[in-house]
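The file structure31.cif comes next; it holds mmCIF, C-alpha atoms and all ligand atoms.
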```cif
data_model
#
loop_
_atom_site.label_atom_id
_atom_site.label_comp_id
_atom_site.auth_asym_id
_atom_site.auth_seq_id
_atom_site.Cartn_x
_atom_site.Cartn_y
_atom_site.Cartn_z
CA MET A 1 -2.01 1.64 -18.65
CA ASP A 2 -2.20 4.02 -15.72
CA ILE A 3 0.42 2.55 -13.36
CA ARG A 4 0.44 3.83 -9.79
CA VAL A 5 3.17 2.68 -7.43
CA LEU A 6 2.35 3.26 -3.78
CA LYS A 7 4.30 2.50 -0.62
CA THR A 8 2.11 0.14 1.32
CA LYS A 9 -0.82 -2.21 0.89
CA ALA A 10 -2.82 0.19 3.06
CA ASP A 11 -2.07 3.07 0.67
CA ILE A 12 -3.31 0.94 -2.22
CA ALA A 13 -6.45 -0.10 -0.35
CA LYS A 14 -7.24 3.55 0.30
CA ALA A 15 -6.57 4.73 -3.26
CA CYS A 16 -8.47 1.84 -4.80
CA GLY A 17 -11.27 1.99 -2.23
CA GLU A 18 -11.75 5.70 -2.88
CA ILE A 19 -12.23 5.04 -6.60
CA PHE A 20 -14.94 2.48 -5.80
CA ILE A 21 -16.62 4.83 -3.34
CA GLU A 22 -16.66 7.67 -5.83
CA GLU A 23 -18.01 5.51 -8.65
CA ILE A 24 -20.68 3.88 -6.47
CA ASN A 25 -21.83 7.27 -5.18
CA LYS A 26 -22.06 8.49 -8.78
CA LYS A 27 -23.97 5.39 -9.90
CA PRO A 28 -25.55 3.54 -6.94
CA ASP A 29 -26.77 0.66 -9.16
CA ILE A 30 -23.27 0.08 -10.53
CA VAL A 31 -22.19 -3.39 -11.70
CA LEU A 32 -18.95 -4.52 -10.06
CA GLY A 33 -16.67 -7.37 -11.09
CA LEU A 34 -14.96 -8.72 -7.98
CA ALA A 35 -11.90 -10.81 -7.22
CA THR A 36 -10.87 -13.06 -4.35
CA GLY A 37 -7.42 -14.03 -3.07
CA ALA A 38 -5.15 -12.29 -0.59
CA THR A 39 -4.59 -9.14 -2.64
CA PRO A 40 -8.01 -7.43 -2.46
CA LEU A 41 -8.56 -8.08 1.26
CA PRO A 42 -7.26 -4.66 2.44
CA THR A 43 -9.48 -2.95 -0.16
CA TYR A 44 -12.54 -4.87 1.05
CA GLU A 45 -11.67 -3.86 4.62
CA TYR A 46 -11.40 -0.24 3.53
CA LEU A 47 -14.80 -0.42 1.83
CA ILE A 48 -16.37 -2.05 4.90
CA ASP A 49 -15.07 0.81 7.05
CA ALA A 50 -16.37 3.38 4.56
CA TYR A 51 -19.79 1.68 4.67
CA LYS A 52 -19.78 1.68 8.49
CA ASN A 53 -18.92 5.38 8.43
CA GLY A 54 -21.88 6.11 6.14
CA ARG A 55 -19.72 7.11 3.18
CA VAL A 56 -21.08 4.50 0.76
CA SER A 57 -23.98 2.08 0.39
CA PHE A 58 -23.98 -1.17 -1.58
CA LYS A 59 -27.76 -1.58 -1.48
CA GLU A 60 -28.28 -1.22 -5.22
CA VAL A 61 -24.93 -2.62 -6.33
CA THR A 62 -24.81 -5.80 -8.44
CA SER A 63 -21.67 -7.91 -8.31
CA PHE A 64 -20.20 -10.65 -10.47
CA ASN A 65 -17.24 -12.59 -9.17
CA LEU A 66 -14.50 -13.63 -11.52
CA ASP A 67 -14.34 -17.27 -10.62
CA GLU A 68 -15.18 -20.22 -8.38
CA TYR A 69 -13.65 -23.62 -7.76
CA CYS A 70 -15.36 -26.70 -9.14
CA ASP A 71 -16.30 -29.66 -6.97
CA LEU A 72 -16.09 -27.72 -3.72
CA ALA A 73 -19.21 -27.19 -1.61
CA ARG A 74 -20.33 -23.57 -1.55
CA GLU A 75 -20.29 -23.78 2.25
CA ASN A 76 -16.66 -24.93 2.32
CA GLU A 77 -14.61 -22.18 3.98
CA ASN A 78 -12.31 -22.09 0.95
CA SER A 79 -15.01 -21.59 -1.67
CA TYR A 80 -14.99 -18.14 -3.20
CA TYR A 81 -18.63 -17.87 -2.18
CA SER A 82 -17.60 -18.23 1.49
CA TYR A 83 -14.66 -15.89 0.95
CA MET A 84 -16.90 -13.14 -0.40
CA LEU A 85 -19.48 -13.50 2.38
CA ASN A 86 -16.88 -13.65 5.15
CA ASN A 87 -14.59 -10.92 3.87
CA PHE A 88 -17.04 -8.49 2.34
CA PHE A 89 -20.73 -9.10 1.69
CA ASN A 90 -21.70 -10.00 5.28
CA HIS A 91 -20.25 -6.72 6.52
CA VAL A 92 -21.98 -4.30 4.13
CA ASP A 93 -25.56 -3.73 2.99
CA MET A 94 -25.30 -5.75 -0.23
CA ASP A 95 -28.64 -7.14 -1.37
CA LYS A 96 -27.82 -10.87 -1.47
CA SER A 97 -30.03 -11.33 -4.53
CA ARG A 98 -27.67 -9.11 -6.51
CA ILE A 99 -24.56 -11.18 -5.70
CA ASN A 100 -23.42 -13.44 -8.53
CA ILE A 101 -20.70 -16.07 -8.30
CA PRO A 102 -20.37 -18.90 -10.83
CA ASP A 103 -21.72 -22.21 -9.53
CA GLY A 104 -18.70 -24.51 -9.62
CA ASN A 105 -20.93 -27.46 -8.79
CA ALA A 106 -23.35 -26.96 -11.67
CA LYS A 107 -24.10 -30.30 -13.38
CA ASP A 108 -23.78 -28.68 -16.80
CA ALA A 109 -20.77 -26.35 -16.57
CA GLU A 110 -21.15 -25.10 -20.14
CA LYS A 111 -24.74 -24.09 -19.50
CA GLU A 112 -23.80 -22.40 -16.23
CA CYS A 113 -21.02 -20.42 -17.94
CA ALA A 114 -23.29 -19.29 -20.79
CA ALA A 115 -25.99 -18.26 -18.29
CA TYR A 116 -23.38 -16.29 -16.30
CA ASP A 117 -22.26 -14.36 -19.39
CA LYS A 118 -25.89 -13.69 -20.29
CA MET A 119 -26.60 -12.27 -16.82
CA ILE A 120 -23.64 -9.91 -17.12
CA GLU A 121 -24.80 -8.82 -20.56
CA ASP A 122 -28.38 -8.34 -19.35
CA MET A 123 -27.10 -6.05 -16.59
CA GLY A 124 -25.43 -3.88 -19.22
CA GLY A 125 -21.90 -5.20 -18.60
CA ILE A 126 -19.42 -4.66 -15.78
CA ASP A 127 -18.67 -1.04 -14.88
CA ILE A 128 -15.55 -1.68 -12.78
CA GLN A 129 -13.64 -4.95 -12.71
CA LEU A 130 -11.25 -5.57 -9.81
CA LEU A 131 -8.38 -7.95 -10.57
CA GLY A 132 -5.39 -9.54 -8.89
CA ILE A 133 -2.64 -11.30 -10.85
CA GLY A 134 -1.20 -14.78 -10.41
CA THR A 135 2.57 -15.34 -10.20
CA ASN A 136 2.19 -16.94 -13.65
CA GLY A 137 0.42 -13.87 -15.07
CA HIS A 138 -3.11 -15.26 -14.85
CA ILE A 139 -6.12 -12.99 -14.35
CA GLY A 140 -9.27 -14.66 -13.12
CA PHE A 141 -8.22 -18.28 -13.67
CA ASN A 142 -7.13 -17.65 -17.25
CA GLU A 143 -3.90 -19.60 -17.17
CA PRO A 144 -0.99 -19.07 -19.58
CA SER A 145 -1.77 -20.88 -22.83
CA ASP A 146 -1.53 -20.64 -26.64
CA GLU A 147 -4.56 -18.47 -27.13
CA PHE A 148 -6.60 -15.90 -25.26
CA THR A 149 -9.85 -17.24 -23.88
CA ASP A 150 -13.15 -15.59 -24.60
CA ALA A 151 -16.24 -16.05 -22.42
CA THR A 152 -16.77 -17.78 -19.05
CA PHE A 153 -15.53 -21.39 -19.14
CA LYS A 154 -14.37 -24.37 -17.11
CA VAL A 155 -10.60 -24.38 -16.71
CA LYS A 156 -8.07 -26.94 -15.55
CA LEU A 157 -5.88 -25.09 -13.05
CA SER A 158 -2.16 -24.94 -13.82
CA ASP A 159 0.48 -26.52 -11.59
CA SER A 160 1.65 -23.01 -10.65
CA THR A 161 -1.84 -21.99 -9.47
CA ILE A 162 -2.28 -25.26 -7.58
CA LYS A 163 1.07 -24.62 -5.88
CA SER A 164 0.17 -21.01 -4.98
CA ASN A 165 -3.32 -21.75 -3.68
CA SER A 166 -2.72 -25.10 -1.99
CA ILE A 167 -1.65 -23.21 1.15
CA TYR A 168 -5.40 -22.81 1.74
CA PHE A 169 -5.93 -26.58 1.41
CA PRO A 170 -3.42 -28.14 3.85
CA ASP A 171 -5.15 -31.54 3.51
CA GLY A 172 -4.12 -31.68 -0.13
CA ASP A 173 -7.68 -31.47 -1.43
CA MET A 174 -7.19 -28.37 -3.56
CA PRO A 175 -9.67 -28.43 -6.46
CA ARG A 176 -8.15 -29.00 -9.90
CA TYR A 177 -10.83 -27.19 -11.92
CA ALA A 178 -12.65 -23.86 -11.72
CA LEU A 179 -15.18 -21.80 -13.63
CA THR A 180 -13.78 -18.44 -14.64
CA MET A 181 -14.73 -15.43 -16.66
CA GLY A 182 -12.67 -15.50 -19.85
CA ILE A 183 -10.26 -12.85 -21.08
CA GLY A 184 -12.96 -11.66 -23.48
CA SER A 185 -15.41 -11.21 -20.58
CA ILE A 186 -12.82 -9.29 -18.53
CA MET A 187 -11.84 -7.04 -21.43
CA LYS A 188 -15.49 -6.01 -21.89
CA ALA A 189 -15.47 -4.26 -18.48
CA LYS A 190 -15.65 -0.51 -18.86
CA LYS A 191 -12.97 0.13 -16.27
CA ILE A 192 -10.40 -2.29 -14.86
CA ILE A 193 -8.39 -1.96 -11.66
CA LEU A 194 -5.63 -4.50 -11.06
CA ILE A 195 -3.73 -4.70 -7.78
CA ALA A 196 -0.41 -6.50 -7.35
CA THR A 197 1.52 -6.50 -4.09
CA GLY A 198 4.58 -8.37 -2.86
CA ALA A 199 7.82 -9.56 -4.39
CA ALA A 200 6.28 -12.82 -5.66
CA LYS A 201 4.51 -10.79 -8.35
CA ILE A 202 7.61 -9.00 -9.73
CA ASP A 203 8.00 -11.10 -12.90
CA ALA A 204 4.29 -11.34 -13.65
CA VAL A 205 3.97 -7.55 -13.32
CA ASP A 206 7.00 -6.96 -15.53
CA LYS A 207 5.59 -9.23 -18.27
CA MET A 208 2.12 -7.69 -17.97
CA VAL A 209 3.43 -4.16 -18.34
CA ASN A 210 6.57 -4.45 -20.46
CA GLY A 211 6.19 -7.78 -22.25
CA GLU A 212 4.54 -8.44 -25.58
CA VAL A 213 0.78 -8.95 -25.53
CA SER A 214 0.64 -12.74 -25.45
CA PRO A 215 -1.55 -15.49 -23.97
CA ALA A 216 1.67 -16.78 -22.40
CA CYS A 217 1.05 -13.92 -19.91
CA PRO A 218 -2.74 -13.49 -19.94
CA ALA A 219 -2.59 -10.19 -18.00
CA SER A 220 -0.58 -8.61 -20.84
CA ILE A 221 -3.87 -8.26 -22.76
CA LEU A 222 -4.67 -5.37 -20.40
CA GLN A 223 -2.23 -3.25 -22.45
CA ASN A 224 -5.03 -3.21 -25.05
CA HIS A 225 -7.74 -1.90 -22.70
CA ASP A 226 -8.19 1.85 -22.69
CA ASP A 227 -9.17 2.32 -19.02
CA VAL A 228 -6.90 0.28 -16.76
CA ILE A 229 -5.37 1.36 -13.48
CA ILE A 230 -2.60 -0.85 -12.10
CA PHE A 231 -1.87 -0.38 -8.41
CA LEU A 232 1.52 -1.74 -7.33
CA ASP A 233 3.48 -1.65 -4.12
CA GLU A 234 7.21 -1.06 -4.36
CA ASP A 235 8.00 -4.78 -4.07
CA ALA A 236 5.80 -5.78 -6.98
CA ALA A 237 7.03 -2.81 -9.05
CA ALA A 238 10.73 -3.52 -8.47
CA LYS A 239 11.48 -4.58 -12.07
CA ILE A 240 9.38 -2.04 -13.94
CA ASN A 241 10.96 0.83 -12.01
CA LYS A 242 14.42 -0.01 -13.29
C1 LIG A 301 -9.18 -14.44 -7.71
C2 LIG A 301 -8.53 -14.59 -9.01
C3 LIG A 301 -7.05 -14.74 -9.15
C4 LIG A 301 -6.23 -13.97 -8.10
C5 LIG A 301 -4.75 -14.28 -8.28
C6 LIG A 301 -3.91 -13.61 -7.22
O1 LIG A 301 -10.57 -14.30 -7.87
O2 LIG A 301 -9.20 -14.61 -9.98
O3 LIG A 301 -6.66 -14.32 -10.43
O4 LIG A 301 -6.48 -12.61 -8.23
O5 LIG A 301 -4.52 -15.65 -8.24
O6 LIG A 301 -4.19 -14.19 -5.99
P1 LIG A 301 -3.62 -13.56 -4.63
O7 LIG A 301 -4.26 -12.23 -4.49
O8 LIG A 301 -4.06 -14.51 -3.56
O9 LIG A 301 -2.15 -13.47 -4.81
#
```

Let me see the structure of the file written as structure tokens.
Ligand code: F6R
Amino acid sequence: MDIRVLKTKADIAKACGEIFIEEINKKPDIVLGLATGATPLPTYEYLIDAYKNGRVSFKEVTSFNLDEYCDLARENENSYYSYMLNNFFNHVDMDKSRINIPDGNAKDAEKECAAYDKMIEDMGGIDIQLLGIGTNGHIGFNEPSDEFTDATFKVKLSDSTIKSNSIYFPDGDMPRYALTMGIGSIMKAKKIILIATGAAKIDAVDKMVNGEVSPACPASILQNHDDVIIFLDEDAAAKINK
């Protein structure tokens, strides 16, 4: 694991954004795996600025998002579809037909998941996968469990995830299920960049980096990937620095 501890979220957004810009300029039809949540927002802002300054174009880029809630209208402001449009896609020149996000309202979730994996495979796989990490060590919505998951699947969200994300659903209507790429799907990405910022992530980061590789901390599997960059701010890195 290539672990880079930087001072501020802005420093991470710049360092991470510059990797994306370089890779996209090298391969304009790159396939990106994208994440939602609070963590990647500064990186998306950095990329939007770079686009506005003519340093990068997303015209030929294809994207696959990690996950989407089930039983939440796509138009709901808290869907990951809305998140991606509002925080990134609407501000750059992405071709909307190349944006892929699992359909959490699909009647047949199993079919939707299999079709999602097939689309990724047909595109030649993900070149760079961006990840955040849950306080419980989840990546995507792969929650701690007894075994590592494989392909895209429908998951029941853990109490910890419901607690963390219910701040976005003050009316108490936080979805209980989601579709998510599996650990197997994530590990197939050629390059992985994970960002963790803030003190709430200290223990998850410590287990990911120093713990045994175990589905009890799904992110620990990244120790087995041969091209992973972990960007941490000093708060999130507090335990691993000791
Ligand atoms: C988001 C995702 C999740 C988040 C994680 C951290 O698409 O798959 O794994 O990356 O829950 O969320 P934040 O960044 O909000 O702390």

- Message: Using all atoms listed in the file for the distances, tell me which of A:Met84, A:Ile21, A:Ala151, A:Val213 is nearest to ligand LIG 301 (chain A).
- Response: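 Comparing A:Met84, A:Ile21, A:Ala151, A:Val213 against ligand LIG 301 (chain A), the winner is A:Met84.
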
Each residue of chain A with at least one atom at most 10 Å from ligand LIG 301 (chain A) should appear once, together with its nearest atom pair and the corresponding distance in Å (one decimal); atoms considered: all atoms listed in the file; ordering: chain, then increasing residue number; output as a Markdown table.
```
| residue | atom | partner | partner_atom | distance |
| --- | --- | --- | --- | --- |
| A:Gly33 | CA | A:LIG301 | O1 | 9.8 |
| A:Leu34 | CA | A:LIG301 | O1 | 7.1 |
| A:Ala35 | CA | A:LIG301 | O1 | 3.8 |
| A:Thr36 | CA | A:LIG301 | O1 | 3.7 |
| A:Gly37 | CA | A:LIG301 | O8 | 3.4 |
| A:Ala38 | CA | A:LIG301 | O8 | 3.9 |
| A:Thr39 | CA | A:LIG301 | O7 | 3.6 |
| A:Pro40 | CA | A:LIG301 | O7 | 6.4 |
| A:Leu41 | CA | A:LIG301 | O7 | 8.3 |
| A:Asn65 | CA | A:LIG301 | O1 | 7.0 |
| A:Leu66 | CA | A:LIG301 | O1 | 5.4 |
| A:Asp67 | CA | A:LIG301 | O1 | 5.5 |
| A:Glu68 | CA | A:LIG301 | O1 | 7.5 |
| A:Tyr69 | CA | A:LIG301 | O1 | 9.8 |
| A:Tyr80 | CA | A:LIG301 | O1 | 7.5 |
| A:Tyr83 | CA | A:LIG301 | O1 | 9.9 |
| A:Met84 | CA | A:LIG301 | O1 | 9.9 |
| A:Leu130 | CA | A:LIG301 | O4 | 8.6 |
| A:Leu131 | CA | A:LIG301 | O4 | 5.5 |
| A:Gly132 | CA | A:LIG301 | O4 | 3.3 |
| A:Ile133 | CA | A:LIG301 | C5 | 4.5 |
| A:Gly134 | CA | A:LIG301 | O5 | 4.1 |
| A:Thr135 | CA | A:LIG301 | C6 | 7.3 |
| A:Asn136 | CA | A:LIG301 | O5 | 8.7 |
| A:Gly137 | CA | A:LIG301 | O3 | 8.5 |
| A:His138 | CA | A:LIG301 | O3 | 5.7 |
| A:Ile139 | CA | A:LIG301 | O3 | 4.2 |
| A:Gly140 | CA | A:LIG301 | O2 | 3.1 |
| A:Phe141 | CA | A:LIG301 | O2 | 5.3 |
| A:Asn142 | CA | A:LIG301 | O3 | 7.6 |
| A:Glu143 | CA | A:LIG301 | O3 | 9.0 |
| A:Ser160 | CA | A:LIG301 | O5 | 9.9 |
| A:Thr161 | CA | A:LIG301 | O5 | 7.0 |
| A:Ile162 | CA | A:LIG301 | O5 | 9.9 |
| A:Ser164 | CA | A:LIG301 | O5 | 7.8 |
| A:Asn165 | CA | A:LIG301 | O8 | 7.3 |
| A:Tyr168 | CA | A:LIG301 | O8 | 9.9 |
| A:Thr180 | CA | A:LIG301 | O2 | 7.6 |
| A:Met181 | CA | A:LIG301 | O2 | 8.7 |
| A:Leu194 | CA | A:LIG301 | O4 | 8.6 |
| A:Ile195 | CA | A:LIG301 | O7 | 8.2 |
| A:Ala196 | CA | A:LIG301 | O7 | 7.5 |
| A:Thr197 | CA | A:LIG301 | O9 | 7.9 |
| A:Gly198 | CA | A:LIG301 | O9 | 8.7 |
| A:Ala200 | CA | A:LIG301 | O9 | 8.5 |
| A:Lys201 | CA | A:LIG301 | O9 | 8.0 |
| A:Ala219 | CA | A:LIG301 | O3 | 9.5 |
```

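Minimum atom-to-atom distance to Tyr44 in chain A, evaluated using all atoms listed in the file, belongs to A:Gly17 out of A:Gly182, A:Pro102, A:Gly17, A:Pro28.
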
- Message: Residues within 6 Å of (2.8, -1.9, -10.2), file coordinates, counting only C-alpha atoms: what are they? Give the list as an NGL selection string.
- Response: :A and (3 or 5 or 230-232 or 236-237)

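Interatomic distance, CA of Glu110 in chain A to CA of Pro215 in chain A: 22.2 Å.
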
Starting from the sparse input, extend range 72-83 of chain A to all heavy atoms and give the output as a CSV table (one decimal), keeping the file's coordinate frame.
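Written output follows (part.csv):
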```
chain,number,residue,atom,x,y,z
A,72,LEU,N,-16.3,-28.1,-5.1
A,72,LEU,CA,-16.1,-27.7,-3.7
A,72,LEU,C,-17.4,-27.2,-3.2
A,72,LEU,O,-18.0,-26.3,-3.9
A,72,LEU,CB,-15.0,-26.6,-3.7
A,72,LEU,CG,-14.5,-26.2,-2.3
A,72,LEU,CD1,-13.7,-27.3,-1.6
A,72,LEU,CD2,-13.6,-24.9,-2.5
A,73,ALA,N,-17.9,-27.7,-2.1
A,73,ALA,CA,-19.2,-27.2,-1.6
A,73,ALA,C,-19.2,-25.7,-1.4
A,73,ALA,O,-18.1,-25.2,-0.9
A,73,ALA,CB,-19.6,-27.9,-0.3
A,74,ARG,N,-20.2,-25.0,-1.7
A,74,ARG,CA,-20.3,-23.6,-1.6
A,74,ARG,C,-20.0,-23.2,-0.1
A,74,ARG,O,-19.4,-22.2,0.2
A,74,ARG,CB,-21.8,-23.1,-1.9
A,74,ARG,CG,-21.9,-21.9,-2.8
A,74,ARG,CD,-23.2,-21.8,-3.3
A,74,ARG,NE,-24.2,-21.5,-2.3
A,74,ARG,CZ,-25.2,-20.6,-2.5
A,74,ARG,NH1,-25.4,-20.0,-3.6
A,74,ARG,NH2,-26.1,-20.3,-1.5
A,75,GLU,N,-20.4,-24.1,0.8
A,75,GLU,CA,-20.3,-23.8,2.2
A,75,GLU,C,-18.9,-24.0,2.7
A,75,GLU,O,-18.5,-23.7,3.9
A,75,GLU,CB,-21.2,-24.7,3.1
A,75,GLU,CG,-22.7,-24.4,2.9
A,75,GLU,CD,-23.2,-24.8,1.5
A,75,GLU,OE1,-22.7,-25.8,0.9
A,75,GLU,OE2,-24.1,-24.1,1.0
A,76,ASN,N,-18.0,-24.7,1.9
A,76,ASN,CA,-16.7,-24.9,2.3
A,76,ASN,C,-16.0,-23.6,2.6
A,76,ASN,O,-16.2,-22.7,1.8
A,76,ASN,CB,-15.9,-25.7,1.2
A,76,ASN,CG,-14.5,-26.1,1.6
A,76,ASN,OD1,-13.7,-25.2,1.9
A,76,ASN,ND2,-14.3,-27.4,1.7
A,77,GLU,N,-15.2,-23.5,3.6
A,77,GLU,CA,-14.6,-22.2,4.0
A,77,GLU,C,-13.7,-21.6,2.9
A,77,GLU,O,-13.4,-20.5,2.8
A,77,GLU,CB,-13.9,-22.3,5.3
A,77,GLU,CG,-12.7,-23.3,5.3
A,77,GLU,CD,-11.9,-23.2,6.5
A,77,GLU,OE1,-12.1,-22.4,7.4
A,77,GLU,OE2,-11.0,-24.1,6.6
A,78,ASN,N,-13.2,-22.5,2.0
A,78,ASN,CA,-12.3,-22.1,1.0
A,78,ASN,C,-13.0,-21.8,-0.4
A,78,ASN,O,-12.3,-21.5,-1.4
A,78,ASN,CB,-11.2,-23.1,0.7
A,78,ASN,CG,-10.2,-23.1,1.8
A,78,ASN,OD1,-9.8,-22.0,2.2
A,78,ASN,ND2,-9.9,-24.3,2.4
A,79,SER,N,-14.3,-22.0,-0.4
A,79,SER,CA,-15.0,-21.6,-1.7
A,79,SER,C,-15.0,-20.1,-1.8
A,79,SER,O,-14.8,-19.4,-0.8
A,79,SER,CB,-16.5,-22.1,-1.7
A,79,SER,OG,-17.2,-21.2,-0.8
A,80,TYR,N,-15.0,-19.6,-3.0
A,80,TYR,CA,-15.0,-18.1,-3.2
A,80,TYR,C,-16.3,-17.5,-2.8
A,80,TYR,O,-16.4,-16.3,-2.4
A,80,TYR,CB,-14.6,-17.8,-4.7
A,80,TYR,CG,-13.2,-18.0,-4.9
A,80,TYR,CD1,-12.7,-18.0,-6.2
A,80,TYR,CD2,-12.3,-18.2,-3.9
A,80,TYR,CE1,-11.3,-18.2,-6.5
A,80,TYR,CE2,-10.9,-18.4,-4.1
A,80,TYR,CZ,-10.4,-18.4,-5.4
A,80,TYR,OH,-9.1,-18.6,-5.7
A,81,TYR,N,-17.3,-18.3,-2.7
A,81,TYR,CA,-18.6,-17.9,-2.2
A,81,TYR,C,-18.4,-17.5,-0.7
A,81,TYR,O,-18.8,-16.4,-0.2
A,81,TYR,CB,-19.7,-19.0,-2.4
A,81,TYR,CG,-21.0,-18.7,-1.8
A,81,TYR,CD1,-21.9,-17.9,-2.4
A,81,TYR,CD2,-21.4,-19.2,-0.5
A,81,TYR,CE1,-23.2,-17.6,-1.9
A,81,TYR,CE2,-22.6,-19.0,0.0
A,81,TYR,CZ,-23.5,-18.2,-0.7
A,81,TYR,OH,-24.7,-17.9,-0.1
A,82,SER,N,-17.8,-18.5,0.1
A,82,SER,CA,-17.6,-18.2,1.5
A,82,SER,C,-16.7,-17.1,1.7
A,82,SER,O,-16.9,-16.2,2.6
A,82,SER,CB,-17.0,-19.5,2.2
A,82,SER,OG,-17.9,-20.5,2.1
A,83,TYR,N,-15.6,-17.0,0.9
A,83,TYR,CA,-14.7,-15.9,1.0
A,83,TYR,C,-15.4,-14.6,0.8
A,83,TYR,O,-15.2,-13.6,1.6
A,83,TYR,CB,-13.6,-16.0,-0.2
A,83,TYR,CG,-12.7,-14.8,-0.4
A,83,TYR,CD1,-11.4,-14.9,0.0
A,83,TYR,CD2,-13.2,-13.7,-1.0
A,83,TYR,CE1,-10.5,-13.8,-0.2
A,83,TYR,CE2,-12.3,-12.6,-1.2
A,83,TYR,CZ,-11.0,-12.6,-0.8
A,83,TYR,OH,-10.2,-11.5,-1.0
```
